[in-house]
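The data block below is query.tsv; it holds TSV, C-alpha atoms.
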```
chain	number	residue	atom	x	y	z
A	1	ASP	CA	91.45	107.94	127.51
A	2	GLN	CA	92.21	108.58	123.86
A	3	GLN	CA	95.63	110.20	123.65
A	4	VAL	CA	95.47	110.53	119.88
A	5	LYS	CA	92.21	111.75	118.41
A	6	GLN	CA	90.93	111.84	114.89
A	7	ASN	CA	87.57	113.50	115.25
A	8	SER	CA	86.41	113.06	111.67
A	9	PRO	CA	85.50	109.44	111.00
A	10	SER	CA	85.11	110.10	107.30
A	11	LEU	CA	85.92	112.60	104.61
A	12	SER	CA	84.88	112.84	100.97
A	13	VAL	CA	86.89	114.84	98.47
A	14	GLN	CA	86.70	115.27	94.73
A	15	GLU	CA	89.56	114.00	92.63
A	16	GLY	CA	92.16	116.70	92.06
A	17	ARG	CA	91.21	118.65	95.17
A	18	ILE	CA	93.07	118.81	98.45
A	19	SER	CA	92.35	116.34	101.24
A	20	ILE	CA	93.05	117.54	104.76
A	21	LEU	CA	93.02	115.00	107.56
A	22	ASN	CA	93.31	116.23	111.11
A	23	CYS	CA	94.70	114.74	114.28
A	24	ASP	CA	94.93	116.01	117.84
A	25	TYR	CA	96.93	114.61	120.72
A	26	THR	CA	96.89	115.15	124.44
A	27	ASN	CA	100.20	113.75	125.64
A	28	SER	CA	102.94	116.38	125.49
A	29	MET	CA	105.53	113.61	125.79
A	30	PHE	CA	104.92	112.54	122.20
A	31	ASP	CA	107.81	113.61	120.03
A	32	TYR	CA	107.28	111.72	116.80
A	33	PHE	CA	104.18	111.50	114.68
A	34	LEU	CA	103.28	109.28	111.78
A	35	TRP	CA	100.50	108.79	109.29
A	36	TYR	CA	99.54	105.36	108.06
A	37	LYS	CA	97.24	104.31	105.26
A	38	LYS	CA	95.19	101.18	105.69
A	39	TYR	CA	93.03	99.13	103.36
A	40	PRO	CA	90.44	96.69	104.74
A	41	ALA	CA	91.86	93.43	106.07
A	42	GLU	CA	95.42	94.65	105.54
A	43	GLY	CA	98.06	95.98	107.87
A	44	PRO	CA	98.81	99.71	107.93
A	45	THR	CA	101.43	101.04	105.55
A	46	PHE	CA	103.63	103.95	106.46
A	47	LEU	CA	102.94	107.19	104.63
A	48	ILE	CA	104.84	110.07	106.18
A	49	SER	CA	106.19	111.16	109.55
A	50	ILE	CA	107.31	114.26	111.38
A	51	SER	CA	109.52	114.89	114.35
A	52	SER	CA	108.46	117.36	117.00
A	53	ILE	CA	111.41	119.58	116.15
A	54	LYS	CA	109.86	120.31	112.78
A	55	ASP	CA	106.58	121.92	111.80
A	56	LYS	CA	106.34	120.61	108.26
A	57	ASN	CA	107.44	117.61	106.28
A	58	GLU	CA	106.70	117.07	102.64
A	59	ASP	CA	106.90	113.99	100.45
A	60	GLY	CA	105.46	114.28	97.01
A	61	ARG	CA	101.73	114.83	97.23
A	62	PHE	CA	101.74	114.36	100.99
A	63	THR	CA	102.56	117.06	103.51
A	64	VAL	CA	102.26	116.81	107.26
A	65	PHE	CA	102.00	119.92	109.40
A	66	LEU	CA	102.62	119.95	113.13
A	67	ASN	CA	101.45	122.65	115.54
A	68	LYS	CA	103.00	121.71	118.86
A	69	SER	CA	101.39	124.50	120.84
A	70	ALA	CA	97.97	123.35	119.70
A	71	LYS	CA	98.92	119.66	119.88
A	72	HIS	CA	97.56	119.31	116.40
A	73	LEU	CA	98.79	117.81	113.18
A	74	SER	CA	97.31	117.50	109.77
A	75	LEU	CA	97.96	115.54	106.62
A	76	HIS	CA	97.44	117.29	103.30
A	77	ILE	CA	97.11	115.29	100.12
A	78	VAL	CA	97.16	117.29	96.94
A	79	PRO	CA	96.01	116.54	94.36
A	80	SER	CA	93.81	113.78	95.72
A	81	GLN	CA	93.47	110.66	93.61
A	82	PRO	CA	90.91	107.84	93.71
A	83	GLY	CA	93.67	105.46	94.80
A	84	ASP	CA	94.08	107.52	97.95
A	85	SER	CA	90.73	106.21	99.18
A	86	ALA	CA	91.53	104.32	102.39
A	87	VAL	CA	91.49	104.73	106.15
A	88	TYR	CA	94.21	107.02	107.42
A	89	PHE	CA	95.56	106.59	110.92
A	90	CYS	CA	97.48	109.17	112.85
A	91	ALA	CA	99.99	107.70	115.30
A	92	ALA	CA	102.37	109.08	117.89
A	93	SER	CA	105.26	107.82	119.91
A	94	LYS	CA	107.24	108.94	122.93
A	95	PRO	CA	111.01	109.28	123.16
A	96	GLY	CA	112.83	106.06	123.62
A	97	SER	CA	115.38	103.74	122.08
A	98	GLY	CA	113.31	103.74	118.95
A	99	ASN	CA	111.63	100.49	119.80
A	100	THR	CA	108.63	102.18	121.31
A	101	PRO	CA	105.05	101.27	120.47
A	102	LEU	CA	102.77	103.62	118.63
A	103	VAL	CA	99.55	105.13	119.92
A	104	PHE	CA	96.95	105.33	117.19
A	105	GLY	CA	93.91	107.45	116.55
A	106	LYS	CA	90.66	105.84	115.41
A	107	GLY	CA	91.28	106.66	111.79
A	108	THR	CA	89.58	108.74	109.13
A	109	ARG	CA	88.07	107.09	106.08
A	110	LEU	CA	88.94	109.13	103.01
A	111	SER	CA	86.89	108.72	99.88
A	112	VAL	CA	88.19	110.41	96.76
A	113	ILE	CA	85.43	110.73	94.21
A	114	ALA	CA	86.34	110.69	90.55
B	1	GLY	CA	111.36	97.98	102.36
B	2	ALA	CA	111.34	95.47	105.14
B	3	VAL	CA	108.58	92.88	105.19
B	4	VAL	CA	106.65	91.47	108.10
B	5	SER	CA	104.38	88.52	107.54
B	6	GLN	CA	101.58	87.06	109.61
B	7	HIS	CA	100.04	83.64	109.50
B	8	PRO	CA	97.24	82.81	109.21
B	9	SER	CA	95.60	85.76	107.51
B	10	TRP	CA	92.23	84.68	108.84
B	11	VAL	CA	91.00	81.97	111.14
B	12	ILE	CA	87.67	80.77	112.44
B	13	CYS	CA	87.66	78.77	115.62
B	14	LYS	CA	85.16	77.44	118.10
B	15	SER	CA	84.69	78.95	121.49
B	16	GLY	CA	87.00	77.39	124.06
B	17	THR	CA	89.75	76.43	121.64
B	18	SER	CA	93.16	78.06	121.27
B	19	VAL	CA	94.56	79.80	118.23
B	20	LYS	CA	98.18	80.63	117.45
B	21	ILE	CA	99.12	83.58	115.26
B	22	GLU	CA	102.66	83.93	113.91
B	23	CYS	CA	104.48	87.15	113.13
B	24	ARG	CA	107.71	86.97	111.17
B	25	SER	CA	110.20	89.58	110.09
B	26	LEU	CA	111.32	88.27	106.73
B	27	ASP	CA	114.47	90.20	105.95
B	28	PHE	CA	115.57	91.73	109.23
B	29	GLN	CA	115.97	90.78	112.84
B	30	ALA	CA	113.68	92.22	115.46
B	31	THR	CA	114.44	91.98	119.15
B	32	THR	CA	111.12	93.65	119.79
B	33	MET	CA	107.76	93.10	118.17
B	34	PHE	CA	104.44	94.67	119.04
B	35	TRP	CA	101.01	93.11	118.99
B	36	TYR	CA	97.98	95.30	118.31
B	37	ARG	CA	94.29	94.56	118.16
B	38	GLN	CA	91.73	96.45	116.16
B	39	PHE	CA	88.00	96.24	116.68
B	40	PRO	CA	85.70	97.48	113.90
B	41	LYS	CA	85.85	101.24	113.46
B	42	GLN	CA	88.31	101.53	116.33
B	43	SER	CA	91.97	102.38	116.50
B	44	LEU	CA	94.76	99.87	116.73
B	45	MET	CA	95.27	99.21	120.42
B	46	LEU	CA	98.59	97.97	121.71
B	47	MET	CA	98.18	94.67	123.50
B	48	ALA	CA	101.74	93.74	124.38
B	49	THR	CA	105.39	94.14	123.58
B	50	SER	CA	107.16	90.93	122.65
B	51	ASN	CA	110.81	90.77	123.64
B	52	GLU	CA	113.20	88.17	122.25
B	53	GLY	CA	114.65	86.11	125.04
B	54	SER	CA	112.52	87.54	127.80
B	55	LYS	CA	108.93	87.84	128.91
B	56	ALA	CA	106.47	89.96	127.05
B	57	THR	CA	105.15	93.11	128.64
B	58	TYR	CA	101.40	93.52	128.55
B	59	GLU	CA	99.30	96.63	128.47
B	60	GLN	CA	96.88	97.29	131.27
B	61	GLY	CA	93.72	95.29	130.89
B	62	VAL	CA	95.25	92.60	128.66
B	63	GLU	CA	95.25	89.18	130.30
B	64	LYS	CA	98.69	87.66	129.95
B	65	ASP	CA	97.38	84.16	130.69
B	66	LYS	CA	94.88	84.47	127.91
B	67	PHE	CA	97.10	86.04	125.29
B	68	LEU	CA	100.33	84.07	125.42
B	69	ILE	CA	103.27	85.63	123.63
B	70	ASN	CA	106.45	83.83	122.77
B	71	HIS	CA	109.31	85.56	121.00
B	72	ALA	CA	111.12	82.40	119.99
B	73	SER	CA	113.77	83.93	117.76
B	74	LEU	CA	114.90	87.23	116.32
B	75	THR	CA	112.48	86.78	113.43
B	76	LEU	CA	109.45	85.14	115.02
B	77	SER	CA	106.91	86.10	117.63
B	78	THR	CA	103.73	84.15	118.28
B	79	LEU	CA	100.49	85.19	119.92
B	80	THR	CA	98.29	82.39	121.23
B	81	VAL	CA	94.73	83.23	122.13
B	82	THR	CA	93.78	80.59	124.70
B	83	SER	CA	90.24	79.49	125.46
B	84	ALA	CA	88.94	81.87	122.83
B	85	HIS	CA	85.56	83.53	123.29
B	86	PRO	CA	83.43	85.37	120.75
B	87	GLU	CA	84.50	88.69	122.26
B	88	ASP	CA	88.08	87.87	121.25
B	89	SER	CA	87.02	88.13	117.61
B	90	SER	CA	89.09	90.94	116.21
B	91	PHE	CA	91.82	91.92	113.78
B	92	TYR	CA	95.26	91.24	115.25
B	93	ILE	CA	98.27	93.03	113.79
B	94	CYS	CA	101.93	92.78	114.68
B	95	SER	CA	104.69	95.23	113.96
B	96	ALA	CA	108.44	95.06	114.14
B	97	PRO	CA	110.97	97.88	114.12
B	98	ASP	CA	114.07	97.36	112.02
B	99	ARG	CA	117.55	98.53	113.00
B	100	THR	CA	116.68	102.07	111.98
B	101	SER	CA	113.65	101.86	114.32
B	102	GLU	CA	111.19	102.24	111.48
B	103	GLN	CA	108.20	100.05	112.23
B	104	TYR	CA	106.81	97.65	109.71
B	105	PHE	CA	103.39	96.14	110.09
B	106	GLY	CA	102.20	92.70	109.21
B	107	PRO	CA	99.09	92.25	107.05
B	108	GLY	CA	97.01	91.29	110.06
B	109	THR	CA	95.05	88.22	111.13
B	110	ARG	CA	91.28	88.26	111.32
B	111	LEU	CA	90.07	86.00	114.11
B	112	THR	CA	86.46	84.95	114.33
B	113	VAL	CA	85.38	82.90	117.32
B	114	THR	CA	82.05	81.14	116.94
```

Rendering of file as structure tokens:
Amino acid sequence: DQQVKQNSPSLSVQEGRISILNCDYTNSMFDYFLWYKKYPAEGPTFLISISSIKDKNEDGRFTVFLNKSAKHLSLHIVPSQPGDSAVYFCAASKPGSGNTPLVFGKGTRLSVIA
Amino acid sequence: GAVVSQHPSWVICKSGTSVKIECRSLDFQATTMFWYRQFPKQSLMLMATSNEGSKATYEQGVEKDKFLINHASLTLSTLTVTSAHPEDSSFYICSAPDRTSEQYFGPGTRLTVT
């Protein structure tokens, strides 16, 4: 059973426009959410995260929004750049000592067209 | 930021042989490391949690006798795929949380079993 869902396998956006990647989760125990960017044959690299006590976190061009009641989060990238083209994974973790594994969605492939 | 390395980055082996994959935290100590597996167009699935000085804990459905994990030191965990079969072909990624609990991922190892 997929606890973290990314229902859009791919997304194409024009350079300069906003990219919005969506993620839904089912486990209400999750309290920390992360977005990772991944290139083919490479490990994921951390992008941005958000704690469940917040509803928004911003870092430069990247903003993550969390709607706990809807169990939904989204990653906004604005303005989108060709270098943003990659697979984006949403991940979630439960409370713990901090050394808890992540549960990943299937990823969304973002293509930013110049 | 912290660096996690994996070796080898890719390996081809014959069916029935064993393959060892190393995961190293290069500039921090990790009492816990996680091993994930990713099939094409799928999410990263947690296989097991590697604990320094004690036995690894495996996720449901992962055969501990087939995927041997040894956390030999605070900077090294190894995953040995024993008696490999073509269905074991996948992308294996490890991660390690540093002392702030931020997780860092290795670059991954692509295993192809012929």

| task | Return the neighbours of chain B among the residues of chain A, cut-off 9 Å, counting all atoms listed in the file, as a list in words. | result | Pro9, Ala41, Glu42, Gly43, Pro44, Thr45, Phe46, Phe89, Ser97, Gly98, Asn99, Thr100, Pro101, Leu102, Val103, Phe104, Gly105, Lys106 and Gly107 of chain A

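The coordinates place CA of Ser83 in chain B at 13.3 Å from CA of Ile12 in chain B.
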
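If you count only C-alpha atoms and draw a sphere of 9 Å around (110.9, 88.0, 109.6), the protein and nucleic acid residues inside it come out as Ala2, Val3, Val4, Ser5, Cys23, Arg24, Ser25, Leu26, Asp27, Phe28, Gln29, Ala30, Leu74, Thr75, Leu76 and Ala96 of chain B.
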
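Separating CA of Ser93 in chain A from CA of Arg37 in chain B is a distance of 17.3 Å.
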
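The coordinates place CA of Ala56 in chain B at 10.2 Å from CA of Ser77 in chain B.
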
Ser89 in chain B environment, 8 Å, only C-alpha atoms, sequence neighbours closer than 6 positions dropped, as a CSV table (one decimal) with C-alpha atoms, in the frame of the given file:
```csv
chain,number,residue,atom,x,y,z
B,110,ARG,CA,91.3,88.3,111.3
B,111,LEU,CA,90.1,86.0,114.1
B,112,THR,CA,86.5,85.0,114.3
B,113,VAL,CA,85.4,82.9,117.3
```

Residue contacts of range 23-25 of chain A (7 Å, all atoms listed in the file) excluding same-chain residues fewer than 5 positions away, as a compact mmCIF listing (two decimals) with C-alpha atoms, in the frame of the given file:
```txt
# COMPACT_ATOMS: atom_id res chain seq x y z
CA GLN A 3 95.63 110.20 123.65
CA VAL A 4 95.47 110.53 119.88
CA LYS A 5 92.21 111.75 118.41
CA GLN A 6 90.93 111.84 114.89
CA LYS A 71 98.92 119.66 119.88
CA HIS A 72 97.56 119.31 116.40
CA LEU A 73 98.79 117.81 113.18
CA SER A 74 97.31 117.50 109.77
CA CYS A 90 97.48 109.17 112.85
```

Non-local contacts of Ala114 in chain A (10 Å; only C-alpha atoms; under 5 positions in same chain excluded) as an mmCIF file with C-alpha atoms, in the frame of the given file:
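Result file is out_6.cif:
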```cif
data_model
loop_
_atom_site.group_PDB
_atom_site.id
_atom_site.type_symbol
_atom_site.label_atom_id
_atom_site.label_comp_id
_atom_site.auth_asym_id
_atom_site.auth_seq_id
_atom_site.Cartn_x
_atom_site.Cartn_y
_atom_site.Cartn_z
ATOM 1 C CA VAL A 13 86.890 114.840 98.470
ATOM 2 C CA GLN A 14 86.700 115.270 94.730
ATOM 3 C CA GLU A 15 89.560 114.000 92.630
ATOM 4 C CA GLY A 16 92.160 116.700 92.060
ATOM 5 C CA SER A 80 93.810 113.780 95.720
ATOM 6 C CA GLN A 81 93.470 110.660 93.610
ATOM 7 C CA PRO A 82 90.910 107.840 93.710
ATOM 8 C CA GLY A 83 93.670 105.460 94.800
#
```

Six-sided padding of 5 Å per side, axis-aligned box over range 55-71 of chain B, centre and edges in Å, one decimal, as JSON:
```
{"center_x": 101.5, "center_y": 90.6, "center_z": 126.1, "size_x": 25.6, "size_y": 23.5, "size_z": 20.3}
```

Per residue of range 7-34 of chain B within 10 Å of range 67-70 of chain B, note the shortest atom pair and the distance in Å to one decimal, counting only C-alpha atoms, and order the rows by chain and increasing residue number, as CSV.
```
residue,atom,partner,partner_atom,distance
B:Ser18,CA,B:Phe67,CA,9.8
B:Val19,CA,B:Phe67,CA,9.8
B:Lys20,CA,B:Leu68,CA,8.9
B:Ile21,CA,B:Ile69,CA,9.6
B:Glu22,CA,B:Asn70,CA,9.6
```

| message | Taking 3 positions as the minimum chain separation for residues in the same chain, which residues sit within 7 Å of Lys66 in chain B when counting all atoms listed in the file? Answer as a ChimeraX atom specification. | response | /B:63,81-82

Can you take range 47-90 of chain B from the block and write N, CA and C atoms as an mmCIF file, in the first residue's frame?
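Result file is out_39.cif:
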```cif
data_model
loop_
_atom_site.group_PDB
_atom_site.id
_atom_site.type_symbol
_atom_site.label_atom_id
_atom_site.label_comp_id
_atom_site.auth_asym_id
_atom_site.auth_seq_id
_atom_site.Cartn_x
_atom_site.Cartn_y
_atom_site.Cartn_z
ATOM 1 N N MET B 47 14.739 -1.352 2.187
ATOM 2 C CA MET B 47 14.981 -2.785 2.319
ATOM 3 C C MET B 47 15.293 -3.146 3.773
ATOM 4 N N ALA B 48 16.198 -2.376 4.370
ATOM 5 C CA ALA B 48 16.654 -2.730 5.706
ATOM 6 C C ALA B 48 17.346 -1.550 6.356
ATOM 7 N N THR B 49 17.397 -1.620 7.672
ATOM 8 C CA THR B 49 18.119 -0.638 8.468
ATOM 9 C C THR B 49 19.355 -1.320 9.024
ATOM 10 N N SER B 50 20.498 -0.736 8.730
ATOM 11 C CA SER B 50 21.771 -1.291 9.167
ATOM 12 C C SER B 50 22.203 -0.592 10.459
ATOM 13 N N ASN B 51 22.467 -1.366 11.475
ATOM 14 C CA ASN B 51 22.823 -0.817 12.779
ATOM 15 C C ASN B 51 24.244 -1.231 13.162
ATOM 16 N N GLU B 52 25.076 -0.260 13.471
ATOM 17 C CA GLU B 52 26.455 -0.554 13.839
ATOM 18 C C GLU B 52 26.478 -1.362 15.134
ATOM 19 N N GLY B 53 27.145 -2.474 15.087
ATOM 20 C CA GLY B 53 27.300 -3.293 16.277
ATOM 21 C C GLY B 53 26.150 -4.216 16.595
ATOM 22 N N SER B 54 25.144 -4.228 15.773
ATOM 23 C CA SER B 54 24.035 -5.148 16.006
ATOM 24 C C SER B 54 23.441 -5.593 14.676
ATOM 25 N N LYS B 55 22.476 -6.476 14.758
ATOM 26 C CA LYS B 55 21.893 -7.022 13.530
ATOM 27 C C LYS B 55 21.055 -5.982 12.805
ATOM 28 N N ALA B 56 21.015 -6.146 11.505
ATOM 29 C CA ALA B 56 20.169 -5.267 10.704
ATOM 30 C C ALA B 56 18.708 -5.649 10.893
ATOM 31 N N THR B 57 17.848 -4.684 10.693
ATOM 32 C CA THR B 57 16.411 -4.967 10.722
ATOM 33 C C THR B 57 15.885 -4.848 9.298
ATOM 34 N N TYR B 58 15.152 -5.870 8.887
ATOM 35 C CA TYR B 58 14.700 -5.968 7.508
ATOM 36 C C TYR B 58 13.218 -5.633 7.390
ATOM 37 N N GLU B 59 12.881 -5.039 6.275
ATOM 38 C CA GLU B 59 11.476 -4.772 5.998
ATOM 39 C C GLU B 59 10.770 -6.061 5.591
ATOM 40 N N GLN B 60 9.472 -6.045 5.767
ATOM 41 C CA GLN B 60 8.685 -7.222 5.420
ATOM 42 C C GLN B 60 8.863 -7.551 3.944
ATOM 43 N N GLY B 61 9.090 -8.817 3.692
ATOM 44 C CA GLY B 61 9.246 -9.260 2.312
ATOM 45 C C GLY B 61 10.678 -9.264 1.818
ATOM 46 N N VAL B 62 11.604 -8.751 2.593
ATOM 47 C CA VAL B 62 13.021 -8.751 2.205
ATOM 48 C C VAL B 62 13.713 -9.915 2.904
ATOM 49 N N GLU B 63 14.314 -10.797 2.114
ATOM 50 C CA GLU B 63 14.944 -11.994 2.674
ATOM 51 C C GLU B 63 16.285 -11.652 3.290
ATOM 52 N N LYS B 64 16.385 -11.818 4.590
ATOM 53 C CA LYS B 64 17.627 -11.457 5.280
ATOM 54 C C LYS B 64 18.779 -12.393 4.918
ATOM 55 N N ASP B 65 18.463 -13.624 4.534
ATOM 56 C CA ASP B 65 19.531 -14.555 4.160
ATOM 57 C C ASP B 65 20.036 -14.293 2.753
ATOM 58 N N LYS B 66 19.258 -13.561 2.007
ATOM 59 C CA LYS B 66 19.664 -13.249 0.639
ATOM 60 C C LYS B 66 20.395 -11.907 0.578
ATOM 61 N N PHE B 67 19.932 -10.980 1.354
ATOM 62 C CA PHE B 67 20.533 -9.648 1.382
ATOM 63 C C PHE B 67 21.218 -9.478 2.737
ATOM 64 N N LEU B 68 22.499 -9.836 2.750
ATOM 65 C CA LEU B 68 23.259 -9.806 4.002
ATOM 66 C C LEU B 68 23.802 -8.406 4.245
ATOM 67 N N ILE B 69 23.546 -7.891 5.427
ATOM 68 C CA ILE B 69 24.006 -6.549 5.774
ATOM 69 C C ILE B 69 24.942 -6.633 6.958
ATOM 70 N N ASN B 70 26.066 -5.957 6.810
ATOM 71 C CA ASN B 70 27.058 -5.908 7.870
ATOM 72 C C ASN B 70 27.475 -4.457 8.080
ATOM 73 N N HIS B 71 27.248 -3.973 9.276
ATOM 74 C CA HIS B 71 27.632 -2.591 9.602
ATOM 75 C C HIS B 71 28.911 -2.671 10.415
ATOM 76 N N ALA B 72 30.028 -2.786 9.692
ATOM 77 C CA ALA B 72 31.300 -3.148 10.303
ATOM 78 C C ALA B 72 31.885 -2.060 11.185
ATOM 79 N N SER B 73 31.611 -0.812 10.842
ATOM 80 C CA SER B 73 32.173 0.299 11.601
ATOM 81 C C SER B 73 31.214 1.473 11.522
ATOM 82 N N LEU B 74 31.561 2.547 12.168
ATOM 83 C CA LEU B 74 30.686 3.719 12.186
ATOM 84 C C LEU B 74 30.672 4.461 10.854
ATOM 85 N N THR B 75 31.479 4.011 9.906
ATOM 86 C CA THR B 75 31.503 4.678 8.606
ATOM 87 C C THR B 75 31.266 3.714 7.442
ATOM 88 N N LEU B 76 31.004 2.446 7.737
ATOM 89 C CA LEU B 76 30.881 1.481 6.651
ATOM 90 C C LEU B 76 29.761 0.489 6.902
ATOM 91 N N SER B 77 28.901 0.364 5.900
ATOM 92 C CA SER B 77 27.901 -0.691 5.894
ATOM 93 C C SER B 77 28.009 -1.398 4.548
ATOM 94 N N THR B 78 27.870 -2.710 4.557
ATOM 95 C CA THR B 78 27.916 -3.451 3.294
ATOM 96 C C THR B 78 26.638 -4.251 3.114
ATOM 97 N N LEU B 79 26.223 -4.324 1.862
ATOM 98 C CA LEU B 79 25.070 -5.130 1.466
ATOM 99 C C LEU B 79 25.573 -6.188 0.492
ATOM 100 N N THR B 80 25.401 -7.442 0.840
ATOM 101 C CA THR B 80 25.811 -8.527 -0.043
ATOM 102 C C THR B 80 24.574 -9.218 -0.588
ATOM 103 N N VAL B 81 24.454 -9.203 -1.888
ATOM 104 C CA VAL B 81 23.358 -9.914 -2.546
ATOM 105 C C VAL B 81 23.874 -11.315 -2.852
ATOM 106 N N THR B 82 23.352 -12.303 -2.165
ATOM 107 C CA THR B 82 23.851 -13.672 -2.334
ATOM 108 C C THR B 82 23.013 -14.421 -3.362
ATOM 109 N N SER B 83 23.673 -15.316 -4.073
ATOM 110 C CA SER B 83 23.007 -16.125 -5.094
ATOM 111 C C SER B 83 22.066 -15.246 -5.930
ATOM 112 N N ALA B 84 22.677 -14.268 -6.564
ATOM 113 C CA ALA B 84 21.886 -13.263 -7.284
ATOM 114 C C ALA B 84 21.107 -13.887 -8.444
ATOM 115 N N HIS B 85 19.927 -13.369 -8.658
ATOM 116 C CA HIS B 85 19.063 -13.769 -9.767
ATOM 117 C C HIS B 85 18.737 -12.541 -10.600
ATOM 118 N N PRO B 86 18.345 -12.736 -11.846
ATOM 119 C CA PRO B 86 18.011 -11.576 -12.683
ATOM 120 C C PRO B 86 16.989 -10.630 -12.050
ATOM 121 N N GLU B 87 16.068 -11.160 -11.279
ATOM 122 C CA GLU B 87 15.070 -10.285 -10.649
ATOM 123 C C GLU B 87 15.648 -9.397 -9.558
ATOM 124 N N ASP B 88 16.899 -9.676 -9.165
ATOM 125 C CA ASP B 88 17.579 -8.804 -8.189
ATOM 126 C C ASP B 88 18.188 -7.583 -8.871
ATOM 127 N N SER B 89 18.169 -7.562 -10.192
ATOM 128 C CA SER B 89 18.705 -6.409 -10.914
ATOM 129 C C SER B 89 17.912 -5.174 -10.530
ATOM 130 N N SER B 90 18.622 -4.177 -10.062
ATOM 131 C CA SER B 90 17.948 -2.982 -9.550
ATOM 132 C C SER B 90 18.990 -1.917 -9.250
#
```
